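The data block below is target.cif; it holds mmCIF, C-alpha atoms.
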```cif
data_data
#
loop_
_atom_site.label_atom_id
_atom_site.label_comp_id
_atom_site.auth_asym_id
_atom_site.auth_seq_id
_atom_site.Cartn_x
_atom_site.Cartn_y
_atom_site.Cartn_z
CA MET A 32 -22.63 13.63 7.18
CA ASP A 33 -25.13 10.96 6.17
CA ALA A 34 -24.09 7.59 4.84
CA ASP A 35 -25.13 8.32 1.25
CA SER A 36 -23.06 11.45 0.82
CA SER A 37 -20.04 9.99 2.57
CA ARG A 38 -20.31 7.00 0.25
CA ALA A 39 -20.51 9.30 -2.78
CA LEU A 40 -17.50 11.34 -1.62
CA LEU A 41 -15.47 8.21 -1.04
CA SER A 42 -16.40 6.83 -4.47
CA ARG A 43 -15.36 10.09 -6.10
CA ALA A 44 -12.08 10.10 -4.21
CA ILE A 45 -11.30 6.55 -5.38
CA ALA A 46 -12.06 7.62 -8.95
CA ARG A 47 -9.51 10.43 -8.53
CA VAL A 48 -6.98 7.97 -7.11
CA ALA A 49 -7.24 6.11 -10.40
CA ASN A 50 -5.87 9.31 -11.98
CA ARG A 51 -2.83 9.18 -9.67
CA ASP A 52 -4.11 11.89 -7.35
CA GLN A 53 -2.17 11.52 -4.08
CA ASP A 54 -4.44 13.96 -2.23
CA ALA A 55 -7.39 11.76 -3.12
CA LEU A 56 -5.62 8.74 -1.65
CA LYS A 57 -4.95 10.76 1.47
CA TYR A 58 -8.66 11.56 1.68
CA VAL A 59 -9.51 7.87 1.41
CA TYR A 60 -6.88 7.05 4.04
CA ARG A 61 -8.08 9.73 6.42
CA HIS A 62 -11.68 8.56 6.26
CA THR A 63 -11.16 4.81 6.32
CA SER A 64 -7.83 3.86 7.92
CA ALA A 65 -9.09 3.71 11.53
CA LYS A 66 -11.93 1.42 10.53
CA LEU A 67 -9.72 -0.79 8.35
CA LEU A 68 -7.08 -1.01 11.07
CA GLY A 69 -9.76 -2.08 13.54
CA VAL A 70 -10.86 -4.82 11.13
CA ALA A 71 -7.30 -6.05 10.47
CA LEU A 72 -6.32 -5.83 14.13
CA ARG A 73 -9.30 -7.89 15.13
CA ILE A 74 -8.16 -10.68 12.79
CA LEU A 75 -4.42 -10.46 13.46
CA ASN A 76 -4.17 -9.23 17.06
CA ASP A 77 -0.85 -7.68 16.16
CA ARG A 78 -0.58 -3.99 15.45
CA GLU A 79 2.56 -4.18 13.35
CA GLU A 80 1.11 -6.87 11.11
CA ALA A 81 -2.21 -5.07 10.92
CA GLU A 82 -0.47 -1.87 9.83
CA ASP A 83 1.47 -3.82 7.21
CA VAL A 84 -1.88 -5.05 5.93
CA LEU A 85 -3.13 -1.48 5.77
CA GLN A 86 -0.06 -0.44 3.85
CA ASP A 87 -0.79 -3.21 1.32
CA VAL A 88 -4.42 -2.20 1.12
CA TYR A 89 -3.72 1.45 0.33
CA LEU A 90 -1.00 0.53 -2.16
CA THR A 91 -3.55 -1.75 -3.82
CA VAL A 92 -6.04 1.11 -3.87
CA TRP A 93 -3.34 3.30 -5.42
CA ASN A 94 -2.47 0.76 -8.09
CA LYS A 95 -5.89 -0.76 -8.78
CA ALA A 96 -8.34 2.05 -8.09
CA GLU A 97 -9.72 1.70 -11.61
CA ARG A 98 -10.99 -1.77 -10.66
CA PHE A 99 -13.45 -0.25 -8.24
CA ASP A 100 -16.86 0.09 -9.82
CA PRO A 101 -19.18 2.34 -7.78
CA GLU A 102 -22.14 0.92 -9.73
CA LYS A 103 -21.42 -2.54 -8.39
CA ALA A 104 -20.12 -2.10 -4.87
CA SER A 105 -19.98 0.44 -2.12
CA PRO A 106 -16.52 1.89 -1.53
CA ILE A 107 -16.39 0.79 2.09
CA THR A 108 -17.34 -2.76 1.10
CA TRP A 109 -14.51 -2.78 -1.40
CA LEU A 110 -12.00 -1.46 1.15
CA VAL A 111 -13.12 -3.63 4.06
CA SER A 112 -13.07 -6.70 1.80
CA LEU A 113 -9.54 -5.87 0.66
CA ALA A 114 -8.42 -5.46 4.27
CA ARG A 115 -10.14 -8.62 5.49
CA ASN A 116 -8.74 -10.70 2.65
CA ARG A 117 -5.21 -9.44 3.22
CA ALA A 118 -5.47 -9.96 6.95
CA ILE A 119 -6.93 -13.47 6.55
CA ASP A 120 -4.21 -14.44 4.08
CA ARG A 121 -1.61 -13.24 6.54
CA LEU A 122 -3.27 -15.12 9.37
CA ARG A 123 -3.22 -18.31 7.26
CA SER A 124 0.44 -17.85 6.44
CA ARG A 125 1.26 -17.82 10.15
CA GLY A 126 0.32 -21.50 10.26
CA SER A 127 0.77 -22.88 13.75
CA ARG A 128 0.51 -19.50 15.41
CA VAL A 129 -3.06 -19.31 14.20
CA MET A 130 -4.58 -19.63 17.66
CA THR A 131 -2.53 -17.00 19.41
CA GLY A 132 -4.44 -14.03 20.58
CA VAL A 133 -7.87 -15.57 20.39
CA GLU A 134 -8.47 -14.83 24.05
CA GLU A 135 -7.38 -11.28 23.55
CA ALA A 136 -9.81 -11.00 20.67
CA GLU A 137 -12.58 -12.30 22.87
CA SER A 138 -12.23 -9.29 25.11
CA LEU A 139 -12.76 -6.81 22.30
CA PRO A 140 -16.28 -5.58 21.79
CA ASP A 141 -18.17 -7.02 18.86
CA ALA A 142 -21.74 -6.59 19.90
CA ALA A 143 -22.48 -2.93 20.45
CA PRO A 144 -22.22 -0.96 17.22
CA LEU A 145 -20.22 2.21 17.77
CA ALA A 146 -22.28 5.08 16.56
CA PRO A 147 -19.50 6.98 14.73
CA ALA A 148 -18.31 3.75 13.19
CA ARG A 149 -21.53 2.97 11.41
CA ILE A 150 -20.22 2.40 7.97
CA GLU A 151 -23.15 1.33 5.91
CA ALA A 152 -26.64 2.55 5.40
CA ASP A 153 -28.66 1.43 8.39
CA GLU A 154 -31.11 -0.23 6.07
CA ASP A 155 -28.59 -2.87 4.94
CA ARG A 156 -27.48 -3.46 8.47
CA GLN A 157 -30.98 -3.82 9.85
CA ARG A 158 -31.78 -6.31 7.15
CA LEU A 159 -28.72 -8.38 8.00
CA ASP A 160 -29.46 -8.20 11.72
CA GLY A 161 -33.03 -9.27 11.07
CA CYS A 162 -31.82 -12.30 9.11
CA LEU A 163 -29.15 -13.19 11.68
CA ASP A 164 -31.80 -13.03 14.40
CA GLN A 165 -33.74 -15.78 12.65
CA LEU A 166 -30.84 -18.18 13.12
CA ASP A 167 -30.14 -20.30 16.16
CA PRO A 168 -28.16 -17.95 18.45
CA LYS A 169 -25.27 -20.42 18.57
CA HIS A 170 -25.13 -20.42 14.78
CA SER A 171 -25.34 -16.68 14.38
CA GLY A 172 -22.67 -16.33 17.07
CA ALA A 173 -20.39 -18.59 15.04
CA VAL A 174 -21.08 -16.58 11.85
CA ARG A 175 -20.18 -13.33 13.59
CA LYS A 176 -17.07 -14.80 15.19
CA ALA A 177 -15.95 -16.16 11.80
CA PHE A 178 -16.45 -12.78 10.16
CA PHE A 179 -14.64 -10.80 12.84
CA GLU A 180 -11.73 -13.14 13.46
CA GLY A 181 -11.19 -14.76 10.07
CA LEU A 182 -10.82 -18.21 11.65
CA THR A 183 -10.80 -21.42 9.62
CA TYR A 184 -13.52 -24.00 10.24
CA ASP A 185 -10.97 -25.92 12.25
CA ALA A 186 -9.91 -23.02 14.47
CA LEU A 187 -13.49 -21.89 14.83
CA ALA A 188 -14.61 -25.37 15.96
CA GLN A 189 -11.80 -25.48 18.51
CA ALA A 190 -12.52 -21.98 19.78
CA VAL A 191 -16.22 -22.68 20.20
CA GLY A 192 -15.62 -26.20 21.49
CA VAL A 193 -17.64 -28.23 18.97
CA PRO A 194 -16.55 -30.94 16.50
CA LEU A 195 -15.36 -29.74 13.09
CA GLY A 196 -18.31 -31.38 11.29
CA THR A 197 -20.76 -29.61 13.56
CA MET A 198 -19.17 -26.24 12.89
CA LYS A 199 -19.21 -26.81 9.11
CA SER A 200 -22.85 -27.71 9.26
CA TRP A 201 -23.72 -24.69 11.42
CA ILE A 202 -21.98 -22.27 9.10
CA ARG A 203 -23.18 -23.77 5.83
CA ARG A 204 -26.78 -23.99 7.01
CA SER A 205 -26.54 -20.43 8.32
CA LEU A 206 -25.22 -19.15 5.00
CA ILE A 207 -27.97 -20.89 3.04
CA SER A 208 -30.63 -19.48 5.39
CA LEU A 209 -29.06 -16.03 5.28
CA ARG A 210 -29.02 -16.04 1.51
CA ALA A 211 -32.68 -16.94 1.31
CA CYS A 212 -33.53 -14.33 3.92
CA LEU A 213 -31.42 -11.56 2.37
CA GLU A 214 -32.78 -12.24 -1.12
CA ALA A 215 -36.37 -12.10 0.08
CA MET B 31 -31.60 -0.24 -5.28
CA THR B 32 -30.86 -1.66 -8.67
CA ASP B 33 -27.15 -2.33 -8.59
CA ALA B 34 -25.72 -5.55 -9.91
CA THR B 35 -25.09 -7.03 -6.50
CA ASP B 36 -28.84 -7.21 -5.96
CA ILE B 37 -29.00 -9.98 -8.50
CA PRO B 38 -29.21 -13.18 -6.48
CA PRO B 39 -26.28 -15.54 -6.85
CA GLU B 40 -26.66 -17.66 -9.91
CA GLY B 41 -24.76 -19.87 -12.26
CA PRO B 42 -22.60 -22.82 -11.22
CA GLU B 43 -22.39 -21.62 -7.64
CA SER B 44 -26.12 -21.80 -7.02
CA ARG B 45 -26.46 -25.21 -8.64
CA ASP B 46 -24.21 -26.88 -6.09
CA SER B 47 -24.95 -24.41 -3.33
CA GLU B 48 -27.40 -26.60 -1.47
CA GLU B 49 -24.38 -28.62 -0.43
CA ARG B 50 -21.81 -25.89 -0.18
CA PRO B 51 -22.28 -22.09 -0.22
CA LEU B 52 -18.65 -21.66 -1.23
CA ALA B 53 -18.80 -17.94 -2.10
CA GLY B 54 -20.33 -17.21 1.30
CA GLU B 55 -17.75 -19.35 3.06
CA TYR B 56 -14.97 -17.47 1.30
CA VAL B 57 -16.36 -14.07 2.24
CA LEU B 58 -17.01 -15.14 5.81
CA GLY B 59 -13.37 -16.22 6.03
CA VAL B 60 -13.63 -19.84 7.13
CA LEU B 61 -11.67 -21.44 4.29
CA ASP B 62 -8.11 -22.62 4.75
CA ALA B 63 -5.19 -21.33 2.70
CA SER B 64 -5.43 -23.84 -0.14
CA GLU B 65 -9.21 -23.49 -0.47
CA ARG B 66 -8.81 -19.71 -0.53
CA ALA B 67 -6.24 -20.00 -3.29
CA GLU B 68 -8.65 -22.17 -5.33
CA VAL B 69 -11.48 -19.70 -4.81
CA GLU B 70 -9.29 -16.79 -5.81
CA HIS B 71 -8.36 -18.57 -9.01
CA ARG B 72 -12.01 -19.30 -9.72
CA LEU B 73 -12.85 -15.64 -9.15
CA SER B 74 -10.70 -14.70 -12.10
CA VAL B 75 -12.23 -17.23 -14.51
CA ASP B 76 -15.86 -17.57 -13.39
CA PRO B 77 -17.81 -14.29 -13.58
CA ALA B 78 -20.99 -15.80 -12.08
CA PHE B 79 -19.00 -16.99 -9.09
CA ALA B 80 -17.32 -13.57 -8.81
CA ARG B 81 -20.80 -11.96 -8.76
CA SER B 82 -21.79 -14.33 -6.02
CA VAL B 83 -18.74 -13.32 -3.94
CA ALA B 84 -19.53 -9.64 -4.54
CA TRP B 85 -23.11 -10.29 -3.45
CA TRP B 86 -21.94 -11.79 -0.15
CA GLU B 87 -19.38 -9.04 0.42
CA GLU B 88 -22.04 -6.39 0.03
CA ARG B 89 -24.39 -8.25 2.39
CA LEU B 90 -21.95 -9.21 5.16
CA THR B 91 -19.66 -6.17 5.29
CA PRO B 92 -22.15 -4.09 7.31
CA LEU B 93 -21.07 -6.33 10.22
CA ALA B 94 -17.74 -4.50 10.19
CA ALA B 95 -19.54 -1.55 11.77
CA ASP B 96 -19.33 -3.49 15.03
CA VAL B 97 -15.54 -3.63 15.02
CA ALA B 98 -13.93 -0.94 17.14
CA SER B 99 -11.85 1.46 15.06
CA ALA B 100 -8.16 1.80 15.87
CA GLN B 101 -6.06 4.85 15.08
CA PRO B 102 -3.04 3.90 12.91
CA SER B 103 0.33 5.06 14.17
CA GLU B 104 1.49 8.42 12.86
CA GLY B 105 4.20 6.88 10.73
CA LEU B 106 1.86 4.80 8.59
CA TRP B 107 0.65 7.46 6.18
CA PRO B 108 4.17 8.84 5.53
CA ARG B 109 5.27 5.25 4.86
CA ILE B 110 2.53 4.78 2.29
CA GLN B 111 3.14 8.20 0.80
CA ASN B 112 6.81 7.37 0.45
CA LEU B 113 5.98 4.16 -1.38
CA ILE B 114 3.69 5.87 -3.87
CA ALA B 115 6.01 8.81 -4.43
CA GLU B 116 7.43 8.77 -7.91
CA PRO B 117 10.65 10.75 -7.80
CA LEU B 118 11.66 9.09 -11.03
CA LYS B 119 9.15 9.81 -13.70
CA PRO B 120 8.77 6.90 -16.11
CA SER B 121 9.73 9.26 -18.92
CA ALA B 122 13.06 9.91 -17.20
CA TRP B 123 13.72 6.20 -16.81
CA SER B 124 12.96 5.50 -20.43
CA ASN B 125 14.93 8.49 -21.64
CA VAL B 126 17.69 6.95 -23.70
CA THR B 127 20.07 9.87 -23.38
CA LEU B 128 19.78 9.54 -19.64
CA TRP B 129 21.78 6.37 -19.59
CA ARG B 130 23.81 6.73 -22.77
CA GLY B 131 27.46 6.10 -22.13
CA LEU B 132 26.94 4.64 -18.69
CA THR B 133 28.37 1.24 -18.02
CA ALA B 134 25.87 -1.48 -17.22
CA GLY B 135 27.35 -1.79 -13.77
CA ALA B 136 26.84 1.87 -13.01
CA MET B 137 23.29 1.66 -14.21
CA ALA B 138 22.45 -1.29 -12.01
CA LEU B 139 24.16 0.43 -9.11
CA ALA B 140 22.21 3.62 -9.68
CA ALA B 141 18.96 1.67 -9.87
CA ALA B 142 19.78 -0.21 -6.69
CA CYS B 143 20.56 2.99 -4.82
CA VAL B 144 17.38 4.64 -5.96
CA VAL B 145 15.28 1.71 -4.85
CA VAL B 146 16.96 1.69 -1.48
CA ALA B 147 16.44 5.39 -1.14
CA VAL B 148 12.68 5.33 -1.59
CA LEU B 149 11.99 2.35 0.65
CA PRO B 150 11.07 3.23 4.22
CA ARG B 151 12.72 0.11 5.62
CA PRO B 152 16.39 0.03 6.57
CA ALA B 153 18.54 -0.23 3.49
CA PRO B 154 19.86 -3.70 2.70
CA PRO B 155 23.61 -4.11 2.99
CA PRO B 156 25.57 -2.69 0.07
CA ALA B 157 26.36 -6.25 -0.94
CA VAL B 158 23.16 -6.22 -3.03
CA ALA B 159 24.76 -3.84 -5.50
CA PRO B 160 26.49 -5.72 -8.27
CA ALA B 161 30.17 -4.96 -7.96
CA PRO B 162 31.92 -6.68 -10.82
CA ALA B 163 35.64 -6.03 -10.99
CA ARG B 164 35.46 -3.79 -13.99
CA PRO B 165 38.16 -1.44 -15.03
CA GLN B 166 35.56 1.30 -15.47
CA ALA B 167 34.10 1.40 -11.99
CA ALA B 168 31.53 4.08 -11.35
CA GLU B 169 30.32 5.46 -8.07
CA VAL B 170 26.95 6.92 -7.26
CA ALA B 171 26.01 9.66 -4.84
CA LEU B 172 22.47 10.49 -3.80
CA ILE B 173 22.16 14.24 -3.41
CA ALA B 174 19.27 14.40 -0.99
CA ASP B 175 17.02 17.04 0.48
CA PRO B 176 18.58 17.65 3.92
CA THR B 177 15.19 17.90 5.66
CA THR B 178 13.38 14.96 4.11
CA ASN B 179 16.36 12.82 3.04
CA LYS B 180 14.59 12.30 -0.23
CA PRO B 181 17.08 11.94 -3.07
CA MET B 182 16.87 14.91 -5.43
CA ILE B 183 19.73 14.18 -7.76
CA VAL B 184 21.67 11.04 -8.57
CA ALA B 185 25.30 11.81 -9.34
CA THR B 186 27.34 9.15 -11.08
CA LEU B 187 31.08 9.19 -11.62
CA ASP B 188 31.93 7.85 -15.01
CA HIS B 189 35.65 7.18 -14.85
CA GLY B 190 35.61 5.75 -18.35
CA MET B 191 34.65 9.10 -19.82
CA ASP B 192 36.09 11.12 -16.97
CA GLN B 193 32.76 12.80 -16.42
CA VAL B 194 30.13 13.29 -13.75
CA MET B 195 26.60 12.60 -14.72
CA LEU B 196 23.75 14.29 -12.82
CA THR B 197 20.17 13.10 -12.97
CA PRO B 198 17.59 15.30 -11.26
CA MET B 199 14.64 13.39 -9.79
CA GLY B 200 11.68 15.70 -9.61
CA MET B 201 13.58 18.47 -7.87
CA LYS B 202 11.88 21.87 -7.91
CA MET B 203 13.35 25.33 -7.46
CA PRO B 204 11.40 28.34 -6.21
CA GLU B 205 10.03 30.61 -8.93
CA GLY B 206 12.77 32.79 -10.42
CA ARG B 207 15.66 30.81 -8.91
CA ASP B 208 18.25 28.55 -10.53
CA ALA B 209 19.81 25.42 -9.06
CA GLU B 210 23.55 25.84 -8.60
CA LEU B 211 25.76 22.85 -7.94
CA TRP B 212 28.73 23.08 -5.62
CA VAL B 213 31.54 20.78 -4.68
CA ILE B 214 32.80 21.28 -1.14
CA PRO B 215 36.16 19.59 -0.56
CA GLU B 216 36.58 18.55 3.06
CA GLY B 217 37.43 21.59 5.19
CA GLN B 218 37.28 24.02 2.26
CA ASP B 219 34.86 26.56 0.83
CA PRO B 220 32.24 25.57 -1.77
CA ILE B 221 33.42 25.72 -5.38
CA SER B 222 30.76 26.32 -8.02
CA LEU B 223 30.25 23.68 -10.68
CA GLY B 224 27.65 25.86 -12.39
CA VAL B 225 23.91 26.06 -12.79
CA MET B 226 22.20 22.80 -13.61
CA PRO B 227 18.88 22.05 -15.28
CA MET B 228 16.20 20.45 -13.13
CA ASP B 229 14.29 18.84 -15.95
CA LYS B 230 16.94 16.75 -17.64
CA PRO B 231 20.14 14.88 -16.88
CA MET B 232 23.48 16.52 -17.65
CA ARG B 233 27.11 15.55 -17.88
CA MET B 234 30.07 17.64 -16.93
CA PRO B 235 33.79 17.09 -16.99
CA MET B 236 35.09 15.47 -13.82
CA PRO B 237 35.73 18.26 -11.32
CA GLU B 238 39.25 18.24 -9.98
CA HIS B 239 38.00 17.86 -6.41
CA LEU B 240 36.20 14.64 -7.15
CA ARG B 241 39.36 12.74 -8.00
CA GLY B 242 41.39 10.39 -5.87
CA ALA B 243 40.79 10.50 -2.11
CA GLY B 244 38.64 13.61 -2.56
CA THR B 245 36.02 11.49 -4.28
CA TYR B 246 34.69 10.23 -0.96
CA THR B 247 35.31 13.20 1.29
CA ALA B 248 33.96 16.05 -0.82
CA THR B 249 30.29 17.05 -0.53
CA LEU B 250 28.11 17.86 -3.50
CA ALA B 251 25.43 20.41 -2.75
CA VAL B 252 22.71 22.32 -4.58
CA THR B 253 21.54 25.77 -3.54
CA ASP B 254 18.90 28.01 -5.05
CA GLU B 255 20.45 31.13 -6.53
CA PRO B 256 19.43 34.09 -8.68
CA ILE B 257 18.89 33.22 -12.35
CA GLY B 258 22.26 32.47 -13.89
CA GLY B 259 23.88 31.55 -10.60
CA SER B 260 25.32 33.28 -7.57
CA PRO B 261 26.78 36.63 -8.62
CA SER B 262 29.46 36.48 -5.94
CA GLY B 263 30.71 32.99 -6.73
CA LYS B 264 29.73 31.92 -3.24
CA PRO B 265 26.46 30.25 -2.23
CA THR B 266 23.83 32.80 -1.22
CA GLY B 267 20.61 30.77 -1.24
CA SER B 268 19.54 27.88 0.93
CA VAL B 269 20.84 24.34 0.58
CA ARG B 270 18.27 22.33 -1.34
CA ALA B 271 20.17 19.07 -1.49
CA ALA B 272 23.50 17.61 -0.43
CA GLY B 273 25.32 14.29 -0.48
CA LYS B 274 28.61 12.45 -0.81
CA PHE B 275 29.92 9.56 -2.82
CA ALA B 276 30.07 6.30 -0.96
CA ARG B 277 32.82 3.81 -1.69
CA ALA B 278 31.14 1.18 -3.82
#
```

Would you mind giving the structure from this file in structure tokens?
Amino acid sequence: MDADSSRALLSRAIARVANRDQDALKYVYRHTSAKLLGVALRILNDREEAEDVLQDVYLTVWNKAERFDPEKASPITWLVSLARNRAIDRLRSRGSRVMTGVEEAESLPDAAPLAPARIEADEDRQRLDGCLDQLDPKHSGAVRKAFFEGLTYDALAQAVGVPLGTMKSWIRRSLISLRACLEA
Amino acid sequence: MTDATDIPPEGPESRDSEERPLAGEYVLGVLDASERAEVEHRLSVDPAFARSVAWWEERLTPLAADVASAQPSEGLWPRIQNLIAEPLKPSAWSNVTLWRGLTAGAMALAAACVVVAVLPRPAPPPAVAPAPARPQAAEVALIADPTTNKPMIVATLDHGMDQVMLTPMGMKMPEGRDAELWVIPEGQDPISLGVMPMDKPMRMPMPEHLRGAGTYTATLAVTDEPIGGSPSGKPTGSVRAAGKFARA
């Protein structure tokens, strides 16, 4: 199935969830839970916590499906954002345990896109890749690591081994460049 | 594409953005807990900022394609399904006749039991149930589907009125079958308490076998029977739900 029709089917299913259709939620779960678990697991490095996050995410979908506006966002963006935000909040609430599992995370793949896991139209992805490629490789590496692992500036600076101020400047300059590039 | 997220970030966020691309930082995930809380508050009051966050989400999320998928454990979907299941329809909860005559204590107890019953986690200790020393104590039994353990009927003993109150919770009978309620005193044969409606709560006089010590040893069960109830006076259909009273 191509990305456009799977996006349309997912949007329709979320619209049906808003009408309290449990089968529609099951459809959304079946087509997105493995991806969302991967995203949450990458941030939390703990399966139990990551599954708790997923439970929260799908309960949120169940209760707030009417907040999803297919005109404004793609369904997978909405779902991945929900999962990342929940996982990051949980990571923050761990406090001192924030660094555990970073090494484990390092060993997980984050470079080679998995063909069946391609979740957005290639066009968007190619555009992002093109803009990331224009950055200093160290900077784009930090941006990717931040996105995948949900680390604070502080934790990110420690993990990469640069001073906090340097990391802030890398990320902020990268974001400003990316915005200009992606708007162009 | 012409969707709203194509509109470049604007408003307050772009004015100060040369120093700090806050929406992008939030979406990327580098903010600490207190900064995230501030941003989330701002999201609810500053639509331009919320658009900016949506713009970044739409642009950065394609990166998630690089994260390896992971199959959730088999128990996760049933857990979610259990949490969204609505055995108690809101209309049943708000039905005044449902609770008429019940003591406040019994009501709280019934509510507590129902909540416990639909949660997938281990039930909290019974100490959570309010147990005031009232002269009109009432006990609750969850008559549950024996295969799924899902409560189908809440039975409440109302000693004040010397009645049993039965509240069905979304229980369904096969087409052309009636639900017949039985009390099974320990070690004895089932005794019919009659056919009960599945769509509304009912009260019945306290059956003899639910008095005294029998209260906690007798089983209440529901079977599906021909319309009007079992012609023989003995259960003939399959057991749809069963349960006992627990000592409060």

Contact residues (chain A, partner chain B, 8 Å, only C-alpha atoms) as an NGL selection string: :A and (53 or 60 or 64-70 or 73 or 82 or 86 or 89-90 or 93 or 102-105 or 108 or 111-112 or 116 or 119-120 or 123-124 or 139-145 or 148-151 or 155-156 or 159 or 174-175 or 177-179 or 181-184 or 187 or 202-203 or 206-207 or 213-214)

Here atom CA of B:Ala174 and atom CA of B:Ala271 stand apart by 4.8 Å

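Relative to atom CA of B:Asp175, atom CA of B:Thr197 is found at 14.4 Å.
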
Please identify all polymer residues within 9 Å of A:Ala44, counting all atoms listed in the file, omitting same-chain residues fewer than 2 positions from it, and present them as a ChimeraX atom specification. /A:39-42,46-49,52,54-56,58-59

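We find atom CA of A:Leu75 and atom CA of A:Ala190 to be spaced 15.4 Å apart.
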
Excluding same-chain residues fewer than 6 positions from A:Gln165, what lies within 9 Å of it counting all atoms listed in the file, as a PyMOL selection string? chain A and resi 171+208-209+212

Just want the 6 Å neighbourhood of stretch 212-217 of chain B, counted on all atoms listed in the file, with same-chain residues fewer than 6 positions away dropped. Output as a ChimeraX atom specification. /B:223,247-251

File of the preceding selection, C-alpha atoms, as an mmCIF file, in the frame of the given file:
```
data_model
loop_
_atom_site.group_PDB
_atom_site.id
_atom_site.type_symbol
_atom_site.label_atom_id
_atom_site.label_comp_id
_atom_site.auth_asym_id
_atom_site.auth_seq_id
_atom_site.Cartn_x
_atom_site.Cartn_y
_atom_site.Cartn_z
ATOM 1 C CA LEU B 223 30.250 23.680 -10.680
ATOM 2 C CA THR B 247 35.310 13.200 1.290
ATOM 3 C CA ALA B 248 33.960 16.050 -0.820
ATOM 4 C CA THR B 249 30.290 17.050 -0.530
ATOM 5 C CA LEU B 250 28.110 17.860 -3.500
ATOM 6 C CA ALA B 251 25.430 20.410 -2.750
#
```

Give me, as a ChimeraX atom specification, all polymer residues having an atom no more than 8 Å from A:Leu195, counting all atoms listed in the file and skipping those fewer than 6 positions away in the same chain. /A:184-185,188-189

Same residues, C-alpha atoms, output as a CSV table (one decimal), in the frame of the given file:
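Everything below was put into result31.csv:
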```
chain,number,residue,atom,x,y,z
A,184,TYR,CA,-13.5,-24.0,10.2
A,185,ASP,CA,-11.0,-25.9,12.2
A,188,ALA,CA,-14.6,-25.4,16.0
A,189,GLN,CA,-11.8,-25.5,18.5
```

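Once the PyMOL selection byres ((chain B and resi 203-209) around 7) is applied to this file, the selection holds B:Met201, B:Lys202, B:Glu210, B:Leu211, B:Val225, B:Met226, B:Val252, B:Thr253, B:Asp254, B:Glu255, B:Pro256, B:Ile257, B:Gly258, B:Gly259.
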
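Residues matched by the PyMOL selection byres ((chain B and resi 185) around 6) in this structure: Val170, Ala171, Val184, Thr186, Met195 and Leu196 of chain B.
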
Please provide as a PDB file with C-alpha atoms, in the coordinates of the input all residues within 7 Å of B:Val194, with the sequence filter that same-chain residues fewer than 4 positions apart are discarded (counting only C-alpha atoms).
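Writing the result to selection.pdb gives the following:
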```pdb
ATOM      1  CA  ALA B 185      25.300  11.810  -9.340  1.00  0.00           C
ATOM      2  CA  THR B 186      27.340   9.150 -11.080  1.00  0.00           C
ATOM      3  CA  LEU B 187      31.080   9.190 -11.620  1.00  0.00           C
ATOM      4  CA  ASP B 188      31.930   7.850 -15.010  1.00  0.00           C
ATOM      5  CA  ARG B 233      27.110  15.550 -17.880  1.00  0.00           C
ATOM      6  CA  MET B 234      30.070  17.640 -16.930  1.00  0.00           C
ATOM      7  CA  PRO B 235      33.790  17.090 -16.990  1.00  0.00           C
ATOM      8  CA  MET B 236      35.090  15.470 -13.820  1.00  0.00           C
TER       9      MET B 236
END
```

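Of the listed residues B:Ala272, B:Pro220, B:Thr178, B:Asp192, the one whose atoms come nearest to B:Pro108 is B:Thr178, with distances taken using all atoms listed in the file.
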
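Each of B:Gly244, B:Pro237, B:Pro261, B:Pro227 was checked against B:Gln193 using all atoms listed in the file; the smallest atom-to-atom distance is that of B:Pro237.
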
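Picked by the PyMOL selection byres ((chain B and resi 72) around 12) from the coordinates shown: Pro42, Glu43, Leu52, Ala53, Tyr56, Glu65, Arg66, Ala67, Glu68, Val69, Glu70, His71, Leu73, Ser74, Val75, Asp76, Pro77, Ala78, Phe79, Ala80, Arg81, Ser82 and Val83 of chain B.
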
Selection from above, C-alpha atoms, as a compact mmCIF listing (two decimals), keeping the file's coordinate frame, can you write it?
```
# COMPACT_ATOMS: atom_id res chain seq x y z
CA PRO B 42 -22.60 -22.82 -11.22
CA GLU B 43 -22.39 -21.62 -7.64
CA LEU B 52 -18.65 -21.66 -1.23
CA ALA B 53 -18.80 -17.94 -2.10
CA TYR B 56 -14.97 -17.47 1.30
CA GLU B 65 -9.21 -23.49 -0.47
CA ARG B 66 -8.81 -19.71 -0.53
CA ALA B 67 -6.24 -20.00 -3.29
CA GLU B 68 -8.65 -22.17 -5.33
CA VAL B 69 -11.48 -19.70 -4.81
CA GLU B 70 -9.29 -16.79 -5.81
CA HIS B 71 -8.36 -18.57 -9.01
CA LEU B 73 -12.85 -15.64 -9.15
CA SER B 74 -10.70 -14.70 -12.10
CA VAL B 75 -12.23 -17.23 -14.51
CA ASP B 76 -15.86 -17.57 -13.39
CA PRO B 77 -17.81 -14.29 -13.58
CA ALA B 78 -20.99 -15.80 -12.08
CA PHE B 79 -19.00 -16.99 -9.09
CA ALA B 80 -17.32 -13.57 -8.81
CA ARG B 81 -20.80 -11.96 -8.76
CA SER B 82 -21.79 -14.33 -6.02
CA VAL B 83 -18.74 -13.32 -3.94
```
